[in-house]
Amino acid sequence: MSEGERTEQRWLLLIHQLPSKPAYFRVKIWRRLRGIGAVAVKSTVYALPANAETQEDFEWLLQEILAGGGEAMLCEARLVDGLSDAQVRALFDEARDADYAEIVNDARIVAAGIKADATPETEVRSQIGRLRKRMGEVVAVDFFGASGRLTVEGLIADLETRVTEDEAMATAPKKQIEANEFKGRVWVTRRDVHVDRIACSWLIRRFIDPDAIIRFVAGKGYVPNEGELRFDMFEGEFTHEGDRCSFEVLLARTAISDPALQAIAEIVHDIDLKDGKFSREETTGIASLIAGIAMANKEDEQRIAQGASVFDNLYQYFRKKRG
């Protein structure tokens with residue numbers, strides 16, 4: 001879907017001024033703003049996407065501010081100039097990705113405890129329950145489908161598997177599928193693609209189906225059509241599993257064995273998950289190239305087309321380097 005075809009975005013803006021004292025009141029309001037998922041577009045102006053639920057959240061908060069001796073007004077707006085809808089959506093995604101990153105760090109601590117057999121199973125289950133509860137709270141205010149959710153969901157699902165099944169079942173890879181089984185299919189992923197989705201799209205069209213149709217949809221609330229294959233999407237057929245990014249999963253689940261592709265998978269992993277697991281020397285440069293492509297191109301097909309050139313060259317580099 002092109003920019004012009006998308007529904008015009010409307011925003012709710014809460015403009016407020018708080019009394020200097022008591023200090024706890026300012027902290028309380030800040031926590032309430034964070035809890036409902038609002039982001040600051042100016043120092044005293046907070047935004048939420050406009051709908052009945054977010055309007056109610058802001059209205060309750062407005063009353064709270066007035067009752068505490070502050071000033072506040074609520075308005076609905078359409079951005080015309082100075083700040084674009086895409087930039088505001090990016091602010092929301094950045095805020096939610098930061099929330100997801102905190103959960104990821106805690107999930108990895110839990111995983112380390114399981115691996116070292118240092119935490120009782122009952123405590124592990126309690127820790128996982130708290131992680132999923134926190135994830136649910138963030139998902140509730142993840143209005144535009146930030147990419148960090150996939151990593152969190154994959155890690156928590158992996159933890160749950162490890163405490164409910166024996167080690168052999170937990171580590172057993174999913175069945176490999178011949179790549180030619182996917183020819184003629186429609187592939188679906190979230191719009192505003194970045195490194196993992198660009199790499200997956202390249203892998204699909206280069207090694208699975210050169211004529212593959214790839215559709216770009218909203219990251220949240222999409223209901224798949226029959227026969228579609230979703231990648232790098234929540235509950236998708238090919239998405240994050242444990243600490244593996246979608247490119248790694250797609251590569252592992254197809255019958256494609258190529259050391260050059262494995263090297264690329266390690267680079268995509270470190271750029272996408274930001275955990276430095278493989279620390280390949282090429283990662284920083286590729287990350288900059290992909291970031292530049294995303295900044296210079298609004299349309300997803302343009303990003304994929306230019307990203308394909310990067311991965312084509314990278315693939316040839318690793319093939320010749322190995323040779």
# chains A, B, ... in the order shown; residues from 1 in each chain; ligands from 1
>>> residues_around(residues="Val41 in chain A", least_positions_apart="2", cutoff="12 Å", atoms="only C-alpha atoms", output="list in words")
Trp11, Leu12, Leu13, Leu14, Ile15, Ala38, Val39, Ser43, Thr44, Val45, Tyr46, Ala47, Leu48, Leu79, Gly82, Leu83, Ser84, Asp85, Gln87, Val88, Arg89, Ala90, Leu91 and Phe92 of chain A
>>> write_last_selection(atoms="N, CA, C and O atoms", output="CSV table (one decimal), in the first residue's frame")
chain,number,residue,atom,x,y,z
A,11,TRP,N,-4.2,12.7,15.2
A,11,TRP,CA,-3.5,12.6,16.5
A,11,TRP,C,-4.3,13.4,17.6
A,11,TRP,O,-4.9,14.4,17.3
A,12,LEU,N,-4.2,12.9,18.8
A,12,LEU,CA,-4.6,13.6,20.0
A,12,LEU,C,-3.4,14.2,20.6
A,12,LEU,O,-2.4,13.5,20.8
A,13,LEU,N,-3.5,15.5,21.0
A,13,LEU,CA,-2.4,16.2,21.6
A,13,LEU,C,-2.8,16.7,23.0
A,13,LEU,O,-3.8,17.4,23.1
A,14,LEU,N,-2.1,16.3,24.0
A,14,LEU,CA,-2.3,16.8,25.3
A,14,LEU,C,-1.3,17.9,25.6
A,14,LEU,O,-0.1,17.6,25.7
A,15,ILE,N,-1.7,19.1,25.7
A,15,ILE,CA,-0.8,20.3,26.0
A,15,ILE,C,-1.0,20.6,27.5
A,15,ILE,O,-2.1,21.0,27.9
A,38,ALA,N,1.9,7.4,25.7
A,38,ALA,CA,2.0,8.7,25.0
A,38,ALA,C,3.5,9.0,24.8
A,38,ALA,O,4.4,8.6,25.6
A,39,VAL,N,3.8,9.8,23.7
A,39,VAL,CA,5.2,10.2,23.5
A,39,VAL,C,5.2,11.8,23.4
A,39,VAL,O,4.2,12.4,23.0
A,43,SER,N,8.2,19.6,24.6
A,43,SER,CA,8.5,19.4,26.0
A,43,SER,C,7.2,19.2,26.8
A,43,SER,O,7.2,18.5,27.8
A,44,THR,N,6.1,19.9,26.5
A,44,THR,CA,4.9,19.9,27.2
A,44,THR,C,3.7,19.4,26.4
A,44,THR,O,2.6,19.6,26.7
A,45,VAL,N,4.0,18.8,25.2
A,45,VAL,CA,3.0,18.3,24.3
A,45,VAL,C,3.2,16.8,24.1
A,45,VAL,O,4.2,16.4,23.6
A,46,TYR,N,2.2,16.1,24.5
A,46,TYR,CA,2.2,14.6,24.3
A,46,TYR,C,1.2,14.2,23.3
A,46,TYR,O,0.1,14.7,23.2
A,47,ALA,N,1.5,13.1,22.6
A,47,ALA,CA,0.7,12.7,21.5
A,47,ALA,C,0.2,11.2,21.7
A,47,ALA,O,1.0,10.4,22.3
A,48,LEU,N,-1.0,10.9,21.2
A,48,LEU,CA,-1.4,9.6,21.0
A,48,LEU,C,-2.2,9.5,19.7
A,48,LEU,O,-2.8,10.5,19.3
A,79,LEU,N,-1.3,16.6,11.2
A,79,LEU,CA,0.0,17.2,11.0
A,79,LEU,C,0.1,17.8,9.6
A,79,LEU,O,-0.1,17.0,8.6
A,82,GLY,N,6.3,20.6,9.5
A,82,GLY,CA,7.3,20.6,10.6
A,82,GLY,C,7.6,19.3,11.1
A,82,GLY,O,8.7,18.9,11.5
A,83,LEU,N,6.5,18.4,11.3
A,83,LEU,CA,6.7,17.1,11.8
A,83,LEU,C,5.7,16.2,11.1
A,83,LEU,O,4.6,16.4,11.0
A,84,SER,N,6.3,15.1,10.4
A,84,SER,CA,5.4,14.3,9.6
A,84,SER,C,4.8,13.1,10.4
A,84,SER,O,5.3,12.8,11.5
A,85,ASP,N,3.8,12.5,9.9
A,85,ASP,CA,3.2,11.4,10.6
A,85,ASP,C,4.2,10.3,10.7
A,85,ASP,O,4.2,9.6,11.8
A,87,GLN,N,7.4,10.5,11.1
A,87,GLN,CA,8.3,10.8,12.2
A,87,GLN,C,7.7,10.6,13.6
A,87,GLN,O,8.4,10.1,14.5
A,88,VAL,N,6.4,10.9,13.7
A,88,VAL,CA,5.7,10.7,15.0
A,88,VAL,C,5.6,9.2,15.2
A,88,VAL,O,5.8,8.7,16.4
A,89,ARG,N,5.2,8.4,14.2
A,89,ARG,CA,5.1,7.0,14.4
A,89,ARG,C,6.5,6.4,14.8
A,89,ARG,O,6.5,5.5,15.6
A,90,ALA,N,7.5,7.0,14.2
A,90,ALA,CA,8.9,6.5,14.6
A,90,ALA,C,9.2,6.8,16.1
A,90,ALA,O,9.9,6.0,16.7
A,91,LEU,N,8.6,7.9,16.6
A,91,LEU,CA,8.8,8.2,18.0
A,91,LEU,C,8.1,7.1,18.9
A,91,LEU,O,8.7,6.6,19.9
A,92,PHE,N,6.9,6.7,18.5
A,92,PHE,CA,6.2,5.6,19.2
A,92,PHE,C,7.0,4.3,19.1
A,92,PHE,O,7.2,3.6,20.1
>>> residues_around(residues="Gly242 in chain A", least_positions_apart="5", cutoff="6 Å", atoms="only C-alpha atoms", output="PyMOL selection string")
chain A and resi 154-155+158
>>> residues_around(residues="Ser288 in chain A", least_positions_apart="6", cutoff="12 Å", atoms="only C-alpha atoms", output="mmCIF file with all heavy atoms, in the first residue's frame")
data_model
loop_
_atom_site.group_PDB
_atom_site.id
_atom_site.type_symbol
_atom_site.label_atom_id
_atom_site.label_comp_id
_atom_site.auth_asym_id
_atom_site.auth_seq_id
_atom_site.Cartn_x
_atom_site.Cartn_y
_atom_site.Cartn_z
ATOM 1 N N HIS A 194 12.968 -2.854 7.322
ATOM 2 C CA HIS A 194 14.365 -2.581 7.658
ATOM 3 C C HIS A 194 15.161 -3.866 7.425
ATOM 4 O O HIS A 194 14.755 -4.707 6.619
ATOM 5 C CB HIS A 194 14.495 -2.055 9.086
ATOM 6 C CG HIS A 194 15.764 -1.304 9.324
ATOM 7 N ND1 HIS A 194 16.084 -0.149 8.638
ATOM 8 C CD2 HIS A 194 16.814 -1.557 10.135
ATOM 9 C CE1 HIS A 194 17.277 0.286 9.046
ATOM 10 N NE2 HIS A 194 17.737 -0.565 9.951
ATOM 11 N N VAL A 195 16.254 -4.036 8.107
ATOM 12 C CA VAL A 195 17.253 -5.015 7.691
ATOM 13 C C VAL A 195 16.717 -6.446 7.613
ATOM 14 O O VAL A 195 16.962 -7.150 6.614
ATOM 15 C CB VAL A 195 18.501 -4.957 8.603
ATOM 16 C CG1 VAL A 195 18.172 -5.281 10.050
ATOM 17 C CG2 VAL A 195 19.603 -5.878 8.074
ATOM 18 N N ILE A 271 22.609 -6.949 13.462
ATOM 19 C CA ILE A 271 22.012 -5.641 13.192
ATOM 20 C C ILE A 271 20.606 -5.588 13.763
ATOM 21 O O ILE A 271 20.199 -4.595 14.380
ATOM 22 C CB ILE A 271 21.969 -5.346 11.681
ATOM 23 C CG1 ILE A 271 23.389 -5.299 11.091
ATOM 24 C CG2 ILE A 271 21.257 -4.020 11.412
ATOM 25 C CD1 ILE A 271 23.419 -5.172 9.583
ATOM 26 N N GLU A 282 32.146 -7.166 9.195
ATOM 27 C CA GLU A 282 31.385 -6.491 8.137
ATOM 28 C C GLU A 282 30.102 -5.843 8.654
ATOM 29 O O GLU A 282 29.468 -5.057 7.948
ATOM 30 C CB GLU A 282 31.005 -7.489 7.035
ATOM 31 C CG GLU A 282 32.187 -8.195 6.384
ATOM 32 C CD GLU A 282 32.578 -9.470 7.121
ATOM 33 O OE1 GLU A 282 31.915 -9.790 8.152
ATOM 34 O OE2 GLU A 282 33.531 -10.137 6.678
ATOM 35 N N ALA A 294 17.048 2.980 4.068
ATOM 36 C CA ALA A 294 15.761 3.228 4.714
ATOM 37 C C ALA A 294 15.467 4.721 4.825
ATOM 38 O O ALA A 294 14.331 5.161 4.628
ATOM 39 C CB ALA A 294 15.740 2.585 6.106
ATOM 40 N N MET A 295 16.486 5.513 5.103
ATOM 41 C CA MET A 295 16.292 6.961 5.234
ATOM 42 C C MET A 295 16.009 7.621 3.887
ATOM 43 O O MET A 295 15.250 8.584 3.806
ATOM 44 C CB MET A 295 17.533 7.587 5.883
ATOM 45 C CG MET A 295 17.729 7.219 7.347
ATOM 46 S SD MET A 295 19.307 7.828 8.008
ATOM 47 C CE MET A 295 19.090 9.603 7.835
ATOM 48 N N GLY A 307 18.255 -2.659 -1.310
ATOM 49 C CA GLY A 307 18.866 -3.588 -0.360
ATOM 50 C C GLY A 307 19.330 -4.857 -1.047
ATOM 51 O O GLY A 307 20.346 -5.454 -0.657
ATOM 52 N N VAL A 310 22.833 -4.622 -2.177
ATOM 53 C CA VAL A 310 23.776 -4.767 -1.064
ATOM 54 C C VAL A 310 24.003 -6.246 -0.758
ATOM 55 O O VAL A 310 25.148 -6.709 -0.635
ATOM 56 C CB VAL A 310 23.257 -4.034 0.190
ATOM 57 C CG1 VAL A 310 24.157 -4.330 1.396
ATOM 58 C CG2 VAL A 310 23.198 -2.529 -0.052
#
>>> select_by_dssp(residues="range 191-317 of chain A", states="alpha helix (DSSP H)", output="ChimeraX atom specification")
/A:195-203,246-253,259-273,283-296,300-317
>>> atom_distance(atom1="CA of Trp187 in chain A", atom2="CA of Arg215 in chain A")
6.2 Å
>>> closest_residue(among="A:Glu301, A:Asp243, A:Glu266, A:Glu53", to="Ser201 in chain A", atoms="only C-alpha atoms")
A:Glu301
>>> closest_residue(among="A:Arg162, A:Arg78, A:Arg191, A:Lys183", to="Lys298 in chain A", atoms="only C-alpha atoms")
A:Arg191
>>> closest_residue(among="A:Glu299, A:Glu56, A:Asp275, A:Glu248", to="Gln262 in chain A", atoms="only C-alpha atoms")
A:Glu248
>>> closest_atom_pairs(of="range 28-106 of chain A", to="range 144-150 of chain A", cutoff="6 Å", atoms="only C-alpha atoms", output="JSON lines")
{"residue": "A:Asp93", "atom": "CA", "partner": "A:Ala146", "partner_atom": "CA", "distance": 4.8}
{"residue": "A:Asp97", "atom": "CA", "partner": "A:Gly148", "partner_atom": "CA", "distance": 5.0}
{"residue": "A:Tyr100", "atom": "CA", "partner": "A:Gly148", "partner_atom": "CA", "distance": 5.6}
>>> closest_residue(among="A:Lys320, A:Arg280, A:Arg96, A:Arg205", to="Gly136 in chain A", atoms="only C-alpha atoms")
A:Arg96
>>> closest_residue(among="A:Pro210, A:Ile290, A:Glu121, A:Val152", to="Lys133 in chain A", atoms="only C-alpha atoms")
A:Val152
>>> select_by_dssp(residues="range 8-166 of chain A", states="strand (DSSP E or B)", output="VMD selection string")
chain A and resid 11 to 17 39 to 42 45 to 49 71 to 77
>>> residues_around(residues="Ser309 in chain A", least_positions_apart="6", cutoff="12 Å", atoms="only C-alpha atoms", output="list of chain:residue names")
A:Ile198, A:Ala199, A:Trp202, A:Leu203, A:Arg206, A:Ile286, A:Leu289, A:Ile290, A:Ile293, A:Gln302, A:Arg303, A:Tyr315, A:Gln316
>>> write_last_selection(atoms="all heavy atoms", output="tab-separated table (two decimals), in the first residue's frame")
chain	number	residue	atom	x	y	z
A	198	ILE	N	14.15	-6.71	4.75
A	198	ILE	CA	14.83	-6.52	3.46
A	198	ILE	C	15.62	-7.77	3.11
A	198	ILE	O	15.58	-8.26	1.96
A	198	ILE	CB	15.76	-5.28	3.52
A	198	ILE	CG1	14.93	-4.00	3.64
A	198	ILE	CG2	16.65	-5.22	2.28
A	198	ILE	CD1	15.77	-2.75	3.85
A	199	ALA	N	16.34	-8.32	4.07
A	199	ALA	CA	17.15	-9.52	3.83
A	199	ALA	C	16.26	-10.72	3.49
A	199	ALA	O	16.57	-11.50	2.58
A	199	ALA	CB	18.02	-9.82	5.05
A	202	TRP	N	14.99	-10.39	-0.05
A	202	TRP	CA	16.07	-10.74	-0.99
A	202	TRP	C	16.25	-12.26	-1.06
A	202	TRP	O	16.36	-12.83	-2.16
A	202	TRP	CB	17.37	-10.08	-0.53
A	202	TRP	CG	18.58	-10.58	-1.26
A	202	TRP	CD1	18.98	-10.25	-2.52
A	202	TRP	CD2	19.56	-11.51	-0.76
A	202	TRP	NE1	20.14	-10.92	-2.84
A	202	TRP	CE2	20.52	-11.69	-1.78
A	202	TRP	CE3	19.71	-12.19	0.45
A	202	TRP	CZ2	21.61	-12.53	-1.62
A	202	TRP	CZ3	20.80	-13.03	0.61
A	202	TRP	CH2	21.74	-13.20	-0.42
A	203	LEU	N	16.24	-12.93	0.09
A	203	LEU	CA	16.41	-14.37	0.11
A	203	LEU	C	15.27	-15.06	-0.63
A	203	LEU	O	15.49	-16.01	-1.40
A	203	LEU	CB	16.45	-14.87	1.56
A	203	LEU	CG	16.69	-16.37	1.77
A	203	LEU	CD1	18.10	-16.74	1.33
A	203	LEU	CD2	16.47	-16.75	3.23
A	206	ARG	N	15.65	-14.26	-4.45
A	206	ARG	CA	16.92	-14.71	-5.04
A	206	ARG	C	17.03	-16.24	-5.02
A	206	ARG	O	17.52	-16.85	-5.97
A	206	ARG	CB	18.09	-14.09	-4.28
A	206	ARG	CG	19.47	-14.58	-4.71
A	206	ARG	CD	19.87	-14.08	-6.08
A	206	ARG	NE	21.10	-14.70	-6.54
A	206	ARG	CZ	22.32	-14.23	-6.31
A	206	ARG	NH1	22.48	-13.10	-5.62
A	206	ARG	NH2	23.39	-14.85	-6.76
A	286	ILE	N	27.54	-2.75	6.86
A	286	ILE	CA	26.25	-3.15	6.29
A	286	ILE	C	25.11	-2.44	7.01
A	286	ILE	O	24.13	-2.00	6.39
A	286	ILE	CB	26.07	-4.68	6.35
A	286	ILE	CG1	27.18	-5.37	5.55
A	286	ILE	CG2	24.69	-5.08	5.83
A	286	ILE	CD1	27.23	-4.97	4.09
A	289	LEU	N	24.81	1.00	5.58
A	289	LEU	CA	24.23	0.98	4.24
A	289	LEU	C	22.71	0.79	4.28
A	289	LEU	O	21.96	1.50	3.60
A	289	LEU	CB	24.86	-0.14	3.41
A	289	LEU	CG	26.29	0.09	2.90
A	289	LEU	CD1	26.82	-1.19	2.27
A	289	LEU	CD2	26.31	1.22	1.89
A	290	ILE	N	22.25	-0.16	5.09
A	290	ILE	CA	20.81	-0.42	5.19
A	290	ILE	C	20.08	0.78	5.81
A	290	ILE	O	18.99	1.16	5.36
A	290	ILE	CB	20.54	-1.70	6.00
A	290	ILE	CG1	21.14	-2.92	5.29
A	290	ILE	CG2	19.05	-1.89	6.22
A	290	ILE	CD1	20.57	-3.19	3.92
A	293	ILE	N	19.68	3.37	3.16
A	293	ILE	CA	18.62	3.00	2.21
A	293	ILE	C	17.24	3.31	2.80
A	293	ILE	O	16.36	3.85	2.12
A	293	ILE	CB	18.74	1.50	1.83
A	293	ILE	CG1	19.96	1.29	0.93
A	293	ILE	CG2	17.47	1.01	1.14
A	293	ILE	CD1	20.29	-0.16	0.69
A	302	GLN	N	11.17	0.08	-3.02
A	302	GLN	CA	12.44	0.76	-3.30
A	302	GLN	C	13.51	0.30	-2.31
A	302	GLN	O	14.67	0.06	-2.71
A	302	GLN	CB	12.24	2.28	-3.20
A	302	GLN	CG	11.35	2.86	-4.28
A	302	GLN	CD	11.09	4.34	-4.05
A	302	GLN	OE1	11.18	4.85	-2.93
A	302	GLN	NE2	10.78	5.06	-5.13
A	303	ARG	N	13.15	0.19	-1.05
A	303	ARG	CA	14.12	-0.27	-0.05
A	303	ARG	C	14.60	-1.68	-0.36
A	303	ARG	O	15.80	-1.99	-0.28
A	303	ARG	CB	13.50	-0.22	1.34
A	303	ARG	CG	13.17	1.17	1.85
A	303	ARG	CD	12.64	1.12	3.27
A	303	ARG	NE	12.26	2.45	3.75
A	303	ARG	CZ	11.85	2.72	4.98
A	303	ARG	NH1	11.79	1.74	5.87
A	303	ARG	NH2	11.51	3.94	5.33
A	315	TYR	N	26.85	-11.37	-0.80
A	315	TYR	CA	26.84	-12.80	-1.08
A	315	TYR	C	28.04	-13.19	-1.95
A	315	TYR	O	28.73	-14.18	-1.66
A	315	TYR	CB	25.54	-13.18	-1.77
A	315	TYR	CG	25.43	-14.64	-2.13
A	315	TYR	CD1	25.30	-15.61	-1.15
A	315	TYR	CD2	25.47	-15.04	-3.47
A	315	TYR	CE1	25.20	-16.97	-1.49
A	315	TYR	CE2	25.37	-16.38	-3.81
A	315	TYR	CZ	25.24	-17.33	-2.82
A	315	TYR	OH	25.15	-18.66	-3.15
A	316	GLN	N	28.30	-12.43	-3.00
A	316	GLN	CA	29.45	-12.72	-3.86
A	316	GLN	C	30.76	-12.57	-3.10
A	316	GLN	O	31.71	-13.34	-3.29
A	316	GLN	CB	29.43	-11.79	-5.08
A	316	GLN	CG	28.27	-12.04	-6.03
A	316	GLN	CD	28.26	-13.48	-6.55
A	316	GLN	OE1	29.31	-14.07	-6.80
A	316	GLN	NE2	27.06	-14.04	-6.70
>>> closest_residue(among="A:Gly35, A:Tyr317, A:Glu76, A:Phe58", to="Glu137 in chain A", atoms="only C-alpha atoms")
A:Gly35
